[in-house]
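The structure appears right after this line, and notes come after that.
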Amino acid sequence: MRVLTLSLISILFGAIAVVLTWIGNLNCQFVKFTTENTDENYTIQFGIWYFQYWTAAASIDGTFIFESCHHYPSHTNSGEPIAPDIQWKTARAFSILTFLFGISLFLYNIFLSCRAPTQRLFTSPLEGMGYLLASFCSGMTLILLDSQLCTDNVMMEGVKEAYPDLDWTETCSISKGARSVITATVFYFLAGVASLQGYRMEVNEERDESGLSEPLFPEENNGDNGN
(Lines give C-alpha, C1' and ligand atoms only; values in the text may rest on other atoms or scores of the structure.)
Protein backbone atom coordinates (compact mmCIF):
# COMPACT_ATOMS: atom_id res chain seq x y z
CA MET A 1 0.00 0.00 0.00
CA ARG A 2 2.86 2.39 0.80
CA VAL A 3 4.43 1.65 -2.58
CA LEU A 4 1.21 2.55 -4.38
CA THR A 5 0.97 5.76 -2.34
CA LEU A 6 4.52 6.78 -3.25
CA SER A 7 3.84 5.97 -6.89
CA LEU A 8 0.73 8.15 -6.93
CA ILE A 9 2.62 10.97 -5.16
CA SER A 10 5.39 10.89 -7.76
CA ILE A 11 2.86 10.97 -10.61
CA LEU A 12 0.91 13.83 -9.00
CA PHE A 13 4.03 15.89 -8.23
CA GLY A 14 5.34 15.24 -11.74
CA ALA A 15 2.09 16.44 -13.32
CA ILE A 16 2.10 19.59 -11.17
CA ALA A 17 5.72 20.24 -12.16
CA VAL A 18 4.87 19.94 -15.88
CA VAL A 19 2.08 22.51 -15.53
CA LEU A 20 4.33 24.88 -13.58
CA THR A 21 7.06 24.45 -16.19
CA TRP A 22 4.60 25.37 -18.91
CA ILE A 23 3.47 28.46 -17.01
CA GLY A 24 6.98 29.58 -16.10
CA ASN A 25 8.78 29.05 -19.41
CA LEU A 26 6.15 30.08 -21.93
CA ASN A 27 5.02 33.37 -20.50
CA CYS A 28 6.68 36.78 -20.64
CA GLN A 29 7.01 37.33 -16.89
CA PHE A 30 10.17 35.43 -15.96
CA VAL A 31 12.18 38.48 -14.85
CA LYS A 32 11.27 42.11 -14.37
CA PHE A 33 12.66 45.63 -14.08
CA THR A 34 10.94 48.06 -11.75
CA THR A 35 11.17 51.76 -11.01
CA GLU A 36 12.77 53.06 -7.85
CA ASN A 37 12.11 56.15 -5.74
CA THR A 38 8.90 57.03 -7.54
CA ASP A 39 5.37 57.63 -6.32
CA GLU A 40 4.02 55.00 -8.71
CA ASN A 41 5.71 51.68 -9.41
CA TYR A 42 6.18 50.68 -13.04
CA THR A 43 7.24 47.24 -14.17
CA ILE A 44 8.57 45.86 -17.44
CA GLN A 45 8.86 42.08 -17.69
CA PHE A 46 10.72 39.64 -19.93
CA GLY A 47 10.57 35.88 -20.46
CA ILE A 48 12.85 33.22 -21.87
CA TRP A 49 11.07 33.22 -25.24
CA TYR A 50 8.75 36.25 -25.11
CA PHE A 51 8.65 39.80 -23.79
CA GLN A 52 5.80 41.83 -22.35
CA TYR A 53 4.10 44.16 -24.80
CA TRP A 54 1.36 46.76 -24.46
CA THR A 55 -1.05 47.94 -27.10
CA ALA A 56 -3.08 51.14 -26.70
CA ALA A 57 -6.50 51.22 -28.32
CA ALA A 58 -8.43 54.50 -28.44
CA SER A 59 -12.21 54.65 -28.60
CA ILE A 60 -15.02 57.05 -27.76
CA ASP A 61 -15.06 55.55 -24.26
CA GLY A 62 -11.40 56.29 -23.68
CA THR A 63 -8.05 54.64 -24.20
CA PHE A 64 -7.59 51.00 -23.31
CA ILE A 65 -4.23 49.30 -22.83
CA PHE A 66 -3.93 45.61 -23.63
CA GLU A 67 -1.07 43.46 -22.38
CA SER A 68 0.28 40.57 -24.46
CA CYS A 69 3.39 38.45 -24.99
CA HIS A 70 5.42 38.84 -28.19
CA HIS A 71 8.42 37.05 -29.67
CA TYR A 72 11.67 38.95 -29.38
CA PRO A 73 12.43 40.96 -32.52
CA SER A 74 15.81 40.85 -34.20
CA HIS A 75 16.40 44.57 -33.53
CA THR A 76 15.11 47.28 -31.24
CA ASN A 77 13.35 50.39 -32.55
CA SER A 78 16.69 52.21 -32.47
CA GLY A 79 18.36 49.51 -34.55
CA GLU A 80 20.24 47.74 -31.75
CA PRO A 81 20.48 43.98 -32.44
CA ILE A 82 18.87 41.60 -29.96
CA ALA A 83 21.13 38.56 -29.96
CA PRO A 84 20.87 36.14 -27.02
CA ASP A 85 24.19 35.46 -25.30
CA ILE A 86 25.42 32.03 -24.18
CA GLN A 87 23.57 32.18 -20.84
CA TRP A 88 20.30 33.08 -22.54
CA LYS A 89 20.74 30.29 -25.10
CA THR A 90 21.60 27.85 -22.32
CA ALA A 91 18.43 28.77 -20.43
CA ARG A 92 16.40 28.16 -23.58
CA ALA A 93 18.07 24.79 -24.17
CA PHE A 94 17.39 23.63 -20.61
CA SER A 95 13.78 24.83 -20.81
CA ILE A 96 13.32 22.58 -23.87
CA LEU A 97 14.97 19.64 -22.09
CA THR A 98 12.72 20.15 -19.07
CA PHE A 99 9.65 19.95 -21.30
CA LEU A 100 10.95 16.82 -23.01
CA PHE A 101 11.65 15.05 -19.72
CA GLY A 102 8.36 16.16 -18.15
CA ILE A 103 6.13 15.24 -21.09
CA SER A 104 8.00 11.96 -21.70
CA LEU A 105 7.56 10.89 -18.08
CA PHE A 106 3.87 11.83 -18.19
CA LEU A 107 3.33 9.70 -21.32
CA TYR A 108 5.45 6.93 -19.78
CA ASN A 109 3.13 6.77 -16.75
CA ILE A 110 0.07 6.70 -19.01
CA PHE A 111 1.59 3.79 -20.94
CA LEU A 112 2.31 1.87 -17.73
CA SER A 113 -1.20 2.45 -16.41
CA CYS A 114 -2.60 0.67 -19.47
CA ARG A 115 -0.80 -2.55 -18.57
CA ALA A 116 -2.09 -5.13 -16.15
CA PRO A 117 -0.83 -4.69 -12.58
CA THR A 118 0.67 -8.20 -12.69
CA GLN A 119 2.83 -7.19 -15.66
CA ARG A 120 4.49 -4.14 -14.18
CA LEU A 121 5.96 -2.53 -11.13
CA PHE A 122 4.31 0.57 -9.72
CA THR A 123 7.62 2.45 -9.98
CA SER A 124 10.91 2.13 -11.84
CA PRO A 125 14.43 3.57 -11.49
CA LEU A 126 14.06 5.07 -14.98
CA GLU A 127 11.13 7.17 -13.81
CA GLY A 128 12.89 8.37 -10.66
CA MET A 129 16.10 9.33 -12.46
CA GLY A 130 14.05 11.05 -15.16
CA TYR A 131 12.34 13.25 -12.60
CA LEU A 132 15.69 14.14 -11.02
CA LEU A 133 17.11 15.06 -14.44
CA ALA A 134 14.02 17.19 -15.11
CA SER A 135 14.62 18.91 -11.76
CA PHE A 136 18.23 19.65 -12.73
CA CYS A 137 17.25 21.02 -16.14
CA SER A 138 14.47 23.11 -14.64
CA GLY A 139 16.85 24.65 -12.13
CA MET A 140 19.40 25.40 -14.84
CA THR A 141 16.92 27.64 -16.68
CA LEU A 142 17.52 30.14 -13.87
CA ILE A 143 20.88 30.86 -15.51
CA LEU A 144 18.83 33.43 -17.41
CA LEU A 145 19.32 35.69 -14.37
CA ASP A 146 23.01 35.92 -15.33
CA SER A 147 22.35 36.67 -19.01
CA GLN A 148 22.38 39.97 -20.88
CA LEU A 149 18.61 40.00 -20.53
CA CYS A 150 19.23 40.99 -16.91
CA THR A 151 22.63 42.66 -16.93
CA ASP A 152 22.74 44.45 -20.30
CA ASN A 153 19.22 44.59 -21.68
CA VAL A 154 19.22 46.71 -24.87
CA MET A 155 15.42 46.92 -24.80
CA MET A 156 15.57 48.48 -21.35
CA GLU A 157 18.10 51.01 -22.62
CA GLY A 158 15.47 52.21 -25.07
CA VAL A 159 12.92 52.47 -22.27
CA LYS A 160 15.32 54.51 -20.14
CA GLU A 161 15.96 56.89 -23.03
CA ALA A 162 12.23 57.27 -23.70
CA TYR A 163 11.45 57.93 -20.01
CA PRO A 164 14.50 59.67 -18.52
CA ASP A 165 12.57 60.86 -15.46
CA LEU A 166 12.03 57.29 -14.25
CA ASP A 167 14.74 55.58 -12.22
CA TRP A 168 14.85 51.92 -13.24
CA THR A 169 16.69 49.14 -11.44
CA GLU A 170 20.08 48.29 -12.96
CA THR A 171 19.51 44.52 -12.94
CA CYS A 172 16.43 42.36 -13.11
CA SER A 173 14.65 40.49 -10.35
CA ILE A 174 12.63 37.28 -10.49
CA SER A 175 8.96 37.47 -11.41
CA LYS A 176 6.04 35.04 -11.61
CA GLY A 177 7.60 32.85 -14.26
CA ALA A 178 10.85 32.33 -12.37
CA ARG A 179 8.93 31.53 -9.19
CA SER A 180 6.89 28.94 -11.09
CA VAL A 181 10.09 27.36 -12.41
CA ILE A 182 11.62 27.25 -8.92
CA THR A 183 8.48 25.55 -7.61
CA ALA A 184 8.51 23.12 -10.55
CA THR A 185 12.14 22.27 -9.78
CA VAL A 186 11.18 21.33 -6.22
CA PHE A 187 8.20 19.24 -7.39
CA TYR A 188 10.32 17.37 -9.95
CA PHE A 189 12.87 16.60 -7.24
CA LEU A 190 10.22 15.37 -4.78
CA ALA A 191 8.63 13.26 -7.53
CA GLY A 192 12.01 11.65 -8.23
CA VAL A 193 12.70 10.93 -4.57
CA ALA A 194 9.21 9.45 -4.07
CA SER A 195 9.56 7.29 -7.18
CA LEU A 196 13.00 5.94 -6.25
CA GLN A 197 11.91 5.29 -2.67
CA GLY A 198 8.82 3.47 -3.88
CA TYR A 199 10.89 1.36 -6.27
CA ARG A 200 13.31 0.40 -3.48
CA MET A 201 10.42 -0.62 -1.21
CA GLU A 202 8.71 -2.54 -4.01
CA VAL A 203 11.87 -4.51 -4.85
CA ASN A 204 12.38 -5.34 -1.16
CA GLU A 205 8.77 -6.50 -0.82
CA GLU A 206 9.07 -8.75 -3.87
CA ARG A 207 12.32 -10.19 -2.53
CA ASP A 208 10.69 -10.91 0.82
CA GLU A 209 7.66 -12.52 -0.83
CA SER A 210 9.83 -14.73 -3.02
CA GLY A 211 11.79 -15.79 0.07
CA LEU A 212 8.63 -16.70 1.97
CA SER A 213 7.29 -18.72 -0.93
CA GLU A 214 10.22 -21.12 -0.65
CA PRO A 215 9.76 -24.05 1.80
CA LEU A 216 11.50 -23.73 5.11
CA PHE A 217 12.77 -27.31 4.87
CA PRO A 218 13.60 -28.94 1.56
CA GLU A 219 11.54 -32.00 0.80
CA GLU A 220 13.43 -35.27 1.09
CA ASN A 221 13.60 -37.58 -1.85
CA ASN A 222 11.11 -40.36 -1.04
CA GLY A 223 11.91 -42.43 -4.07
CA ASP A 224 12.48 -46.16 -4.00
CA ASN A 225 15.64 -46.77 -1.95
CA GLY A 226 15.50 -50.55 -2.25
CA ASN A 227 13.72 -51.19 1.05
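To be explicit about the labels: the chains of the C-alpha coordinates are called A, B, and onward in the order shown, and within each one the residues are counted from 1, while ligands get numbers from 1 in the order they are shown.
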Find the residues around Val154 (chain A) up to 10 Å (only C-alpha atoms counted), leave out those fewer than 5 positions away in its own chain, and share them as a PyMOL selection string.
-> chain A and resi 75-76+78+80-83+148-149+159-160
What lies within 9 Å of Phe94 (chain A) using only C-alpha atoms, ignoring chain neighbours under 2 positions off, as an NGL selection string?
-> :A and (89-92 or 96-99 or 136-141)
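For the choices A:Ala162, A:Leu126, A:Ile110, A:Cys150, the atom-to-atom distance to Gly192 (chain A) is smallest for A:Leu126 when using only C-alpha atoms.
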I'd like the contact shell of Cys69 (chain A) - 12 Å cut-off, only C-alpha atoms, skipping same-chain residues fewer than 3 positions apart - returned as a PDB file with N, CA and C atoms, in the first residue's frame.
ATOM      1  N   LEU A  26       6.809  29.584 -20.722  1.00  0.00           N
ATOM      2  CA  LEU A  26       6.147  30.076 -21.926  1.00  0.00           C
ATOM      3  C   LEU A  26       5.363  31.359 -21.711  1.00  0.00           C
ATOM      4  N   ASN A  27       5.642  32.058 -20.644  1.00  0.00           N
ATOM      5  CA  ASN A  27       5.022  33.368 -20.500  1.00  0.00           C
ATOM      6  C   ASN A  27       6.100  34.445 -20.646  1.00  0.00           C
ATOM      7  N   CYS A  28       5.728  35.670 -20.477  1.00  0.00           N
ATOM      8  CA  CYS A  28       6.682  36.782 -20.635  1.00  0.00           C
ATOM      9  C   CYS A  28       6.934  37.481 -19.302  1.00  0.00           C
ATOM     10  N   GLN A  29       6.840  36.736 -18.217  1.00  0.00           N
ATOM     11  CA  GLN A  29       7.011  37.333 -16.892  1.00  0.00           C
ATOM     12  C   GLN A  29       8.008  36.523 -16.063  1.00  0.00           C
ATOM     13  N   PHE A  30       9.131  36.191 -16.673  1.00  0.00           N
ATOM     14  CA  PHE A  30      10.167  35.429 -15.965  1.00  0.00           C
ATOM     15  C   PHE A  30      10.993  36.347 -15.068  1.00  0.00           C
ATOM     16  N   ILE A  44       8.414  46.419 -16.099  1.00  0.00           N
ATOM     17  CA  ILE A  44       8.575  45.864 -17.442  1.00  0.00           C
ATOM     18  C   ILE A  44       9.143  44.459 -17.282  1.00  0.00           C
ATOM     19  N   GLN A  45       8.500  43.475 -17.923  1.00  0.00           N
ATOM     20  CA  GLN A  45       8.859  42.083 -17.694  1.00  0.00           C
ATOM     21  C   GLN A  45       9.309  41.399 -18.987  1.00  0.00           C
ATOM     22  N   PHE A  46      10.169  40.385 -18.807  1.00  0.00           N
ATOM     23  CA  PHE A  46      10.720  39.637 -19.933  1.00  0.00           C
ATOM     24  C   PHE A  46      10.703  38.151 -19.595  1.00  0.00           C
ATOM     25  N   GLY A  47      10.552  37.333 -20.630  1.00  0.00           N
ATOM     26  CA  GLY A  47      10.571  35.885 -20.456  1.00  0.00           C
ATOM     27  C   GLY A  47      11.710  35.254 -21.231  1.00  0.00           C
ATOM     28  N   ILE A  48      11.797  33.933 -21.156  1.00  0.00           N
ATOM     29  CA  ILE A  48      12.846  33.219 -21.870  1.00  0.00           C
ATOM     30  C   ILE A  48      12.631  33.317 -23.371  1.00  0.00           C
ATOM     31  N   TRP A  49      11.381  33.225 -23.809  1.00  0.00           N
ATOM     32  CA  TRP A  49      11.066  33.219 -25.239  1.00  0.00           C
ATOM     33  C   TRP A  49      10.295  34.454 -25.676  1.00  0.00           C
ATOM     34  N   TYR A  50       9.615  35.134 -24.752  1.00  0.00           N
ATOM     35  CA  TYR A  50       8.750  36.253 -25.108  1.00  0.00           C
ATOM     36  C   TYR A  50       9.020  37.444 -24.193  1.00  0.00           C
ATOM     37  N   PHE A  51       8.568  38.613 -24.635  1.00  0.00           N
ATOM     38  CA  PHE A  51       8.648  39.798 -23.790  1.00  0.00           C
ATOM     39  C   PHE A  51       7.278  40.435 -23.685  1.00  0.00           C
ATOM     40  N   GLN A  52       7.086  41.197 -22.624  1.00  0.00           N
ATOM     41  CA  GLN A  52       5.804  41.829 -22.348  1.00  0.00           C
ATOM     42  C   GLN A  52       5.595  43.019 -23.282  1.00  0.00           C
ATOM     43  N   TYR A  53       4.399  43.123 -23.808  1.00  0.00           N
ATOM     44  CA  TYR A  53       4.100  44.164 -24.799  1.00  0.00           C
ATOM     45  C   TYR A  53       2.735  44.766 -24.486  1.00  0.00           C
ATOM     46  N   TRP A  54       2.637  46.069 -24.676  1.00  0.00           N
ATOM     47  CA  TRP A  54       1.364  46.757 -24.459  1.00  0.00           C
ATOM     48  C   TRP A  54       0.885  47.388 -25.752  1.00  0.00           C
ATOM     49  N   THR A  55      -0.426  47.317 -25.945  1.00  0.00           N
ATOM     50  CA  THR A  55      -1.053  47.942 -27.104  1.00  0.00           C
ATOM     51  C   THR A  55      -2.146  48.882 -26.618  1.00  0.00           C
ATOM     52  N   PHE A  66      -3.888  47.061 -23.653  1.00  0.00           N
ATOM     53  CA  PHE A  66      -3.934  45.610 -23.628  1.00  0.00           C
ATOM     54  C   PHE A  66      -2.515  45.065 -23.487  1.00  0.00           C
ATOM     55  N   TYR A  72      10.639  37.919 -29.320  1.00  0.00           N
ATOM     56  CA  TYR A  72      11.670  38.952 -29.381  1.00  0.00           C
ATOM     57  C   TYR A  72      11.988  39.299 -30.835  1.00  0.00           C
TER      58      TYR A  72
END
Measuring atom to atom with only C-alpha atoms, identify which of A:Ala15, A:Leu142, A:Leu166, A:Leu20 is nearest to Asp39 (chain A).
->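 So, comparing all the options, the nearest one is A:Leu166.
The interatomic distance for the pair CA of Leu144 (chain A) and CA of Ala191 (chain A) works out to 24.7 Å.
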